[in-house]
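entry_36.cif follows; it contains mmCIF, C-alpha atoms.
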```
data_run
#
loop_
_atom_site.label_atom_id
_atom_site.label_comp_id
_atom_site.auth_asym_id
_atom_site.auth_seq_id
_atom_site.Cartn_x
_atom_site.Cartn_y
_atom_site.Cartn_z
CA MET A 1 35.07 92.31 103.60
CA SER A 2 33.89 89.99 100.85
CA LYS A 3 31.93 92.81 99.24
CA GLU A 4 35.07 94.96 99.04
CA LEU A 5 36.95 92.15 97.34
CA LYS A 6 34.18 91.74 94.82
CA VAL A 7 34.31 95.43 94.01
CA MET A 8 38.11 95.52 93.64
CA GLU A 9 38.51 92.44 91.48
CA PRO A 10 37.18 93.92 88.21
CA LYS A 11 39.37 97.02 88.68
CA GLN A 12 42.48 94.87 88.99
CA TYR A 13 41.49 92.92 85.91
CA ASN A 14 40.95 96.09 83.85
CA ASP A 15 44.42 97.49 84.83
CA GLU A 16 46.28 94.43 83.52
CA ILE A 17 48.19 94.76 80.20
CA ASP A 18 46.70 92.66 77.46
CA LEU A 19 49.62 91.45 75.27
CA TYR A 20 47.30 90.43 72.44
CA GLU A 21 45.74 93.86 72.40
CA LEU A 22 49.19 95.48 72.15
CA ILE A 23 50.10 93.22 69.23
CA GLU A 24 46.79 94.10 67.52
CA ILE A 25 47.63 97.82 67.90
CA LEU A 26 51.06 97.29 66.30
CA VAL A 27 49.53 95.24 63.47
CA ARG A 28 46.84 97.86 62.82
CA HIS A 29 49.45 100.59 62.55
CA LYS A 30 52.17 98.51 60.91
CA TRP A 31 52.56 100.94 58.01
CA SER A 32 53.18 103.82 60.38
CA ILE A 33 55.93 101.78 62.03
CA ILE A 34 57.43 100.75 58.69
CA ILE A 35 57.34 104.26 57.22
CA THR A 36 58.83 105.82 60.37
CA THR A 37 61.59 103.17 60.46
CA VAL A 38 62.39 103.66 56.77
CA VAL A 39 62.52 107.46 57.13
CA CYS A 40 64.85 107.26 60.15
CA THR A 41 66.99 104.65 58.42
CA MET A 42 67.35 106.82 55.32
CA LEU A 43 68.25 109.85 57.42
CA SER A 44 70.83 107.89 59.42
CA LEU A 45 72.19 106.39 56.20
CA GLY A 46 72.68 109.87 54.80
CA GLY A 47 74.40 110.93 58.01
CA ALA A 48 76.58 107.80 57.99
CA LEU A 49 77.65 108.39 54.38
CA TYR A 50 78.47 112.03 55.17
CA VAL A 51 80.55 111.08 58.21
CA ARG A 52 82.29 108.39 56.19
CA SER A 53 83.12 110.83 53.40
CA LYS A 54 84.60 113.28 55.92
CA THR A 55 86.70 110.63 57.70
CA PRO A 56 90.28 111.00 56.47
CA ASN A 57 92.51 108.14 55.36
CA TYR A 58 96.17 107.99 56.30
CA LEU A 59 99.60 106.98 55.10
CA ILE A 60 101.99 105.70 57.74
CA LYS A 61 105.71 104.94 57.80
CA ASN A 62 107.65 103.58 60.75
CA ILE A 63 111.30 104.45 61.35
CA LEU A 64 113.89 103.66 64.00
CA ILE A 65 116.40 106.34 64.97
CA GLN A 66 119.60 104.58 66.06
CA GLN A 67 121.70 107.53 67.05
CA ASP A 68 124.93 107.62 69.04
CA THR A 69 127.49 110.40 69.28
CA TYR A 70 130.29 107.79 69.63
CA GLY A 71 132.09 110.27 71.87
CA LEU A 72 132.34 112.81 69.05
CA LYS A 73 131.73 116.49 69.61
CA GLY A 74 129.36 118.48 67.41
CA VAL A 75 127.03 115.59 66.45
CA ASN A 76 123.49 116.91 65.99
CA ARG A 77 120.76 115.12 67.87
CA ILE A 78 117.84 114.18 65.62
CA ASP A 79 114.63 115.62 67.04
CA VAL A 80 111.43 114.66 65.20
CA ASP A 81 109.36 117.03 67.33
CA SER A 82 111.27 120.14 66.25
CA VAL A 83 110.82 119.72 62.49
CA LEU A 84 107.65 121.80 62.18
CA LEU A 85 108.93 124.37 64.66
CA GLN A 86 111.52 125.55 62.15
CA ASP A 87 110.26 128.02 59.55
CA LYS A 88 112.49 126.71 56.75
CA ASN A 89 110.98 123.21 57.12
CA ILE A 90 107.43 124.62 56.82
CA LYS A 91 108.39 126.13 53.47
CA LYS A 92 110.00 122.90 52.28
CA ILE A 93 106.88 120.81 52.91
CA LEU A 94 104.56 123.44 51.41
CA GLU A 95 106.61 123.25 48.21
CA ILE A 96 104.59 120.11 47.47
CA GLU A 97 101.99 121.53 45.10
CA PRO A 98 98.85 119.53 46.15
CA ILE A 99 99.59 120.27 49.83
CA LYS A 100 100.05 123.96 49.15
CA LYS A 101 96.84 124.03 47.09
CA GLU A 102 94.91 122.38 49.93
CA TYR A 103 96.25 124.96 52.38
CA LEU A 104 95.25 127.87 50.13
CA GLU A 105 91.76 126.43 49.63
CA LYS A 106 91.14 125.88 53.34
CA THR A 107 92.66 129.12 54.62
CA PRO A 108 91.10 132.51 53.83
CA GLU A 109 93.57 134.99 52.39
CA ASN A 110 93.38 137.31 55.38
CA LEU A 111 94.31 134.45 57.74
CA ARG A 112 97.30 133.14 55.80
CA SER A 113 100.51 133.40 57.78
CA LEU A 114 103.45 131.35 58.94
CA MET A 115 101.49 130.45 62.06
CA SER A 116 98.51 129.17 60.06
CA GLU A 117 100.86 127.22 57.77
CA ARG A 118 102.42 125.55 60.79
CA LYS A 119 99.00 124.73 62.26
CA PHE A 120 97.86 123.28 58.93
CA LEU A 121 100.91 120.99 58.73
CA GLN A 122 100.64 119.99 62.39
CA ASP A 123 97.08 118.81 61.68
CA LEU A 124 98.30 117.07 58.54
CA ILE A 125 101.34 115.26 59.98
CA THR A 126 101.31 113.34 63.25
CA ILE A 127 104.38 111.91 64.97
CA SER A 128 103.96 109.19 67.57
CA LYS A 129 106.57 107.32 69.61
CA ASP A 130 106.47 103.84 71.04
CA ASP A 131 105.93 103.80 74.81
CA LYS A 132 108.67 101.24 75.35
CA ASN A 133 111.18 102.62 72.85
CA SER A 134 111.05 106.35 72.13
CA ASN A 135 113.39 105.85 69.16
CA ASP A 136 110.71 103.74 67.42
CA ILE A 137 108.73 106.44 65.61
CA SER A 138 105.64 106.45 63.42
CA ILE A 139 105.06 109.23 60.87
CA ARG A 140 101.41 109.58 59.82
CA THR A 141 99.98 111.98 57.28
CA VAL A 142 96.40 112.62 56.21
CA ILE A 143 95.70 111.96 52.54
CA VAL A 144 94.39 115.36 51.46
CA THR A 145 94.30 114.84 47.71
CA ASP A 146 95.91 111.56 46.65
CA GLU A 147 98.38 108.97 47.88
CA ALA A 148 101.20 110.40 45.75
CA SER A 149 101.19 113.73 47.59
CA GLY A 150 100.94 111.91 50.92
CA ARG A 151 103.97 109.78 50.09
CA GLU A 152 105.89 112.85 49.01
CA THR A 153 105.00 114.56 52.30
CA ILE A 154 106.38 111.67 54.36
CA ASN A 155 109.53 111.44 52.22
CA ARG A 156 110.07 115.19 52.52
CA TYR A 157 109.78 114.87 56.30
CA LEU A 158 112.38 112.07 56.27
CA ASP A 159 114.71 114.20 54.13
CA ILE A 160 114.49 116.98 56.72
CA LEU A 161 115.33 114.49 59.48
CA ARG A 162 118.34 113.28 57.52
CA GLU A 163 119.51 116.85 57.13
CA GLN A 164 119.77 117.01 60.92
CA ASP A 165 122.10 114.02 60.87
CA ASN A 166 125.68 115.33 60.49
CA LEU A 167 127.44 112.27 61.91
CA SER A 168 129.19 111.42 58.63
CA ASP A 169 130.43 115.01 58.32
CA VAL A 170 131.75 115.00 61.88
CA ILE A 171 133.49 111.66 61.29
CA ALA A 172 135.06 112.94 58.08
CA GLU A 173 136.27 116.06 59.86
CA GLU A 174 137.68 114.02 62.76
CA LYS A 175 139.47 111.69 60.34
CA ASN A 176 140.99 114.65 58.57
CA ILE A 177 142.26 116.07 61.90
CA LYS A 178 143.66 112.69 62.99
CA ASN A 179 145.36 112.11 59.63
CA THR A 180 146.97 115.53 59.81
CA SER A 181 148.19 114.85 63.35
CA LEU A 182 149.42 111.41 62.30
CA GLU A 183 151.49 112.89 59.47
CA LYS A 184 153.03 115.41 61.86
CA THR A 185 153.86 112.62 64.29
CA LYS A 186 155.51 110.62 61.51
CA ILE A 187 157.70 113.61 60.69
CA GLU A 188 158.69 113.99 64.34
CA LEU A 189 159.55 110.28 64.59
CA GLU A 190 161.68 110.53 61.46
CA LYS A 191 163.56 113.48 62.98
CA ILE A 192 164.20 111.51 66.17
CA GLN A 193 165.34 108.52 64.15
CA ASN A 194 167.75 110.73 62.23
CA GLU A 195 169.11 112.11 65.51
CA ILE A 196 169.73 108.58 66.73
CA LEU A 197 171.53 107.71 63.49
CA ASP A 198 173.73 110.75 63.95
CA ILE A 199 174.53 109.57 67.47
CA PHE A 200 175.50 106.17 66.09
CA LYS A 201 177.89 107.84 63.67
CA LYS A 202 179.48 110.14 66.24
CA ASP A 203 179.58 107.96 69.38
CA SER A 204 182.25 105.28 69.04
CA ASP A 205 181.31 103.71 72.38
CA LEU A 206 177.83 103.05 71.06
CA ARG A 207 179.06 101.21 67.98
CA ALA A 208 181.01 98.76 70.14
CA LEU A 209 177.93 97.67 72.09
CA LYS A 210 175.64 94.75 71.37
CA PRO A 211 172.23 95.59 69.81
CA GLU A 212 170.28 95.02 73.03
CA GLU A 213 172.79 97.17 74.93
CA LYS A 214 172.51 100.05 72.50
CA VAL A 215 168.91 100.78 73.53
CA ASN A 216 169.82 100.92 77.19
CA TYR A 217 172.83 103.05 76.39
CA ILE A 218 170.77 105.65 74.47
CA THR A 219 168.09 105.59 77.19
CA TYR A 220 170.66 106.24 79.86
CA LYS A 221 172.87 108.73 78.03
CA TYR A 222 170.17 110.60 76.06
CA PRO A 223 167.05 110.51 78.31
CA GLU A 224 165.38 113.55 76.74
CA LEU A 225 165.66 112.06 73.27
CA ASN A 226 164.29 108.74 74.49
CA LEU A 227 161.38 110.47 76.27
CA LYS A 228 160.59 112.47 73.16
CA ARG A 229 160.53 109.31 71.04
CA SER A 230 158.26 107.51 73.55
CA GLU A 231 155.79 110.38 73.52
CA GLN A 232 155.66 110.54 69.74
CA GLU A 233 155.20 106.77 69.49
CA LYS A 234 152.35 107.04 71.99
CA TYR A 235 150.70 109.77 69.91
CA TYR A 236 151.24 107.75 66.75
CA ASN A 237 149.53 104.65 68.18
CA THR A 238 146.68 106.77 69.55
CA TYR A 239 146.02 108.38 66.16
CA VAL A 240 146.20 105.04 64.35
CA ASN A 241 143.74 103.43 66.77
CA GLU A 242 141.40 106.41 66.52
CA LEU A 243 141.43 106.25 62.71
CA VAL A 244 140.62 102.53 62.86
CA ARG A 245 137.70 103.31 65.19
CA LEU A 246 136.42 106.09 62.91
CA ASP A 247 136.62 103.77 59.90
CA SER A 248 134.54 101.19 61.79
CA LEU A 249 131.79 103.79 62.31
CA ASN A 250 131.13 103.92 58.57
CA ASP A 251 129.10 100.72 58.97
CA LYS A 252 126.87 102.46 61.54
CA LEU A 253 125.97 105.59 59.59
CA ASP A 254 122.41 104.46 58.85
CA VAL A 255 121.07 106.53 61.74
CA ILE A 256 117.49 106.66 60.40
CA LYS A 257 116.43 103.12 59.63
CA GLU A 258 113.16 102.66 57.76
CA THR A 259 111.48 99.69 59.44
CA THR A 260 108.41 99.67 57.16
CA ASP A 261 107.42 100.96 53.77
CA ILE A 262 104.73 103.62 53.48
CA TYR A 263 101.38 101.86 53.91
CA PHE A 264 97.73 102.89 53.64
CA VAL A 265 95.39 102.94 56.66
CA LYS A 266 91.66 103.52 56.27
CA GLY A 267 90.25 106.06 58.72
CA GLN A 268 87.87 104.64 61.33
CA SER A 269 84.47 106.34 61.09
CA LYS A 270 81.29 105.89 63.14
CA ALA A 271 79.15 105.36 60.05
CA LYS A 272 78.00 101.85 61.04
CA LEU A 273 77.15 102.98 64.55
CA ILE A 274 75.13 105.92 63.21
CA LEU A 275 73.20 103.62 60.86
CA ALA A 276 72.49 101.09 63.63
CA ILE A 277 71.27 103.82 65.99
CA GLY A 278 69.05 105.23 63.21
CA ILE A 279 67.39 101.86 62.62
CA VAL A 280 66.78 101.26 66.34
CA MET A 281 65.45 104.78 66.80
CA GLY A 282 63.23 104.33 63.74
CA VAL A 283 61.63 101.19 65.18
CA PHE A 284 61.21 102.83 68.58
CA LEU A 285 59.66 105.99 67.12
CA GLY A 286 57.46 103.88 64.84
CA ILE A 287 56.04 102.04 67.84
CA MET A 288 55.52 105.33 69.64
CA VAL A 289 53.67 106.71 66.61
CA ALA A 290 51.50 103.58 66.52
CA PHE A 291 50.42 103.98 70.15
CA LEU A 292 49.93 107.71 69.67
CA LYS A 293 47.62 107.11 66.72
CA GLU A 294 45.75 104.47 68.71
CA PHE A 295 45.33 106.95 71.56
CA ILE A 296 44.03 109.64 69.17
CA ASP A 297 41.62 107.20 67.53
CA GLY A 298 40.30 106.10 70.94
CA TYR A 299 39.86 109.72 72.01
CA LYS A 300 37.90 110.48 68.86
CA ARG A 301 35.58 107.52 69.45
CA ARG A 302 34.91 108.61 72.98
CA TYR A 303 34.28 112.18 71.84
CA LYS A 304 31.71 111.02 69.31
CA LYS A 305 29.88 108.99 71.96
#
```
Can I see the file as structure tokens?
Amino acid sequence: MSKELKVMEPKQYNDEIDLYELIEILVRHKWSIIITTVVCTMLSLGGALYVRSKTPNYLIKNILIQQDTYGLKGVNRIDVDSVLLQDKNIKKILEIEPIKKEYLEKTPENLRSLMSERKFLQDLITISKDDKNSNDISIRTVIVTDEASGRETINRYLDILREQDNLSDVIAEEKNIKNTSLEKTKIELEKIQNEILDIFKKDSDLRALKPEEKVNYITYKYPELNLKRSEQEKYYNTYVNELVRLDSLNDKLDVIKETTDIYFVKGQSKAKLILAIGIVMGVFLGIMVAFLKEFIDGYKRRYKK
């Protein structure tokens, strides 16, 4: 048993990793490690700069759509998602010269169509809504040439949204209808008043009554006339109240409220991550090269022996 232990002990000793020997290998081949690391770092730097150059920057504007029909018929609902689905709006945005130029440069002539124009603008403009409030909307556009064209793109989009808003037109139309009805009601009330005056002139019994008795007398003796006057007075008050309400809506016509100005946002690229991975990989490969060279050198020495 003791003889077996004596035989096994040197084998166990030879299989152990000698840390100093490993460090000596790395020191001997330090230039291989350095060169490999530098090469990988330069390659990753080039890749990082390329990715960074291709990462787009954005312009963003936040708006709040405070829309209510106020019980009015014919008020258009503002729908930010339908803007690019309408052909006329595609043409309006592509009237911006730098945007149109970018589209023509990126799209081969044989592929240019209304569908490709829409796809181009959908990639260019992004609409996002707040999870808690769907009326809180963010309009984001990629800067394809310069900030000026990006700002014009966002403003053009806002103009299209405002074109959907016809609340002021509906209110004006309603006010016109109510004013016309009010004038007609005034005429009817004047006619009724003239009829009552004629009754006062012709009915001697009425003239002998006290003022508070005259109303009851007319109500009793001329019920149709009294009913007609009550109806017209009711219409008159309704039209007046409605006109007051419509006038109060003028303070609420700012349906699209701009909550922020247009601001610049730098696109998030993975350039730093690419560079960090390149450096780590360079060191790792450098160490692998060092051990590979050490293995080749050892093999050559054995072969010579």
Exercise. Mind pulling up the distance from atom CA of Gly282 of chain A to atom CA of Cys40 of chain A?
Worked result: 4.9 Å
For this session: Name every residue that the PyMOL selection byres ((chain A and resi 58-67) around 10) selects in this structure, writing the answer as an MDAnalysis selection string with chains first and numbers rising.
Result: chainID A and resid 55:57 68:70 75:80 124:129 133:144 147 150:151 153:155 158 161 165 167 252:267
Seminar exercise, completed: Min atom-atom distance to Val27 of chain A from the set A:Glu294, A:Asn176, A:Asp251, A:Pro98, counting only C-alpha atoms, belongs to A:Glu294
Closest atom pairs, segment 21-114 of chain A residues within 12 Å of segment 270-274 of chain A, all atoms listed in the file, as a Markdown table:
```
| residue | atom | partner | partner_atom | distance |
| --- | --- | --- | --- | --- |
| A:Cys40 | CA | A:Ile274 | CA | 10.8 |
| A:Thr41 | CA | A:Ile274 | CA | 9.5 |
| A:Met42 | CA | A:Ile274 | CA | 11.1 |
| A:Leu43 | CA | A:Ile274 | CA | 9.8 |
| A:Ser44 | CA | A:Ile274 | CA | 6.1 |
| A:Leu45 | CA | A:Ile274 | CA | 7.6 |
| A:Gly46 | CA | A:Ala271 | CA | 9.5 |
| A:Gly47 | CA | A:Ile274 | CA | 7.3 |
| A:Ala48 | CA | A:Ala271 | CA | 4.1 |
| A:Leu49 | CA | A:Ala271 | CA | 6.6 |
| A:Tyr50 | CA | A:Ala271 | CA | 8.3 |
| A:Val51 | CA | A:Ala271 | CA | 6.2 |
| A:Arg52 | CA | A:Ala271 | CA | 5.8 |
| A:Ser53 | CA | A:Ala271 | CA | 9.5 |
| A:Lys54 | CA | A:Ala271 | CA | 10.5 |
| A:Thr55 | CA | A:Lys270 | CA | 9.0 |
```
So that I have them on file, write out the residues from the current selection with C-alpha atoms, as a CSV table (one decimal), keeping the file's coordinate frame.
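Result file out38.csv:
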```
chain,number,residue,atom,x,y,z
A,40,CYS,CA,64.8,107.3,60.2
A,41,THR,CA,67.0,104.6,58.4
A,42,MET,CA,67.4,106.8,55.3
A,43,LEU,CA,68.2,109.8,57.4
A,44,SER,CA,70.8,107.9,59.4
A,45,LEU,CA,72.2,106.4,56.2
A,46,GLY,CA,72.7,109.9,54.8
A,47,GLY,CA,74.4,110.9,58.0
A,48,ALA,CA,76.6,107.8,58.0
A,49,LEU,CA,77.6,108.4,54.4
A,50,TYR,CA,78.5,112.0,55.2
A,51,VAL,CA,80.6,111.1,58.2
A,52,ARG,CA,82.3,108.4,56.2
A,53,SER,CA,83.1,110.8,53.4
A,54,LYS,CA,84.6,113.3,55.9
A,55,THR,CA,86.7,110.6,57.7
```
Exercise. Pick the closest to Ile187 of chain A from A:Glu109, A:Glu213, A:Glu233, A:Glu163: which is it, counting all atoms listed in the file?
Worked result: A:Glu233
For this session: Could you jot down the atom CA of Tyr157 of chain A to atom CA of Gly71 of chain A separation for me, Å, one decimal place?
Result: 27.6 Å
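Of the residues listed (A:Lys186, A:Lys91, A:Lys178, A:Lys191), A:Lys178 shows the shortest atom-to-atom separation from Glu242 of chain A; distances use only C-alpha atoms.
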For this session: Could you list the residues chosen by the PyMOL selection byres ((chain A and resi 225) around 12) in this structure as JSON, numbers by chain?
Result: {"A": [188, 189, 191, 192, 193, 194, 195, 196, 199, 215, 217, 218, 219, 220, 221, 222, 223, 224, 226, 227, 228, 229, 230, 231, 232]}
Exercise. The PyMOL selection byres ((chain A and resi 99) around 10) on the file shown: which residues, as a list in words?
Worked result: Ile93, Leu94, Glu95, Ile96, Glu97, Pro98, Lys100, Lys101, Glu102, Tyr103, Leu104, Glu105, Phe120, Leu121, Leu124, Ile143, Val144, Thr145, Asp146, Ser149, Gly150, Glu152 and Thr153 of chain A
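In this structure, atom CA of Val289 of chain A sits 20.8 Å away from atom CA of Tyr303 of chain A.
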Exercise. Near Ile177 of chain A, within 10 Å and counting all atoms listed in the file, which residues show up once chain neighbours fewer than 5 positions away are dropped, as JSON, numbers by chain?
Worked result: {"A": [171, 172, 182, 239, 243]}
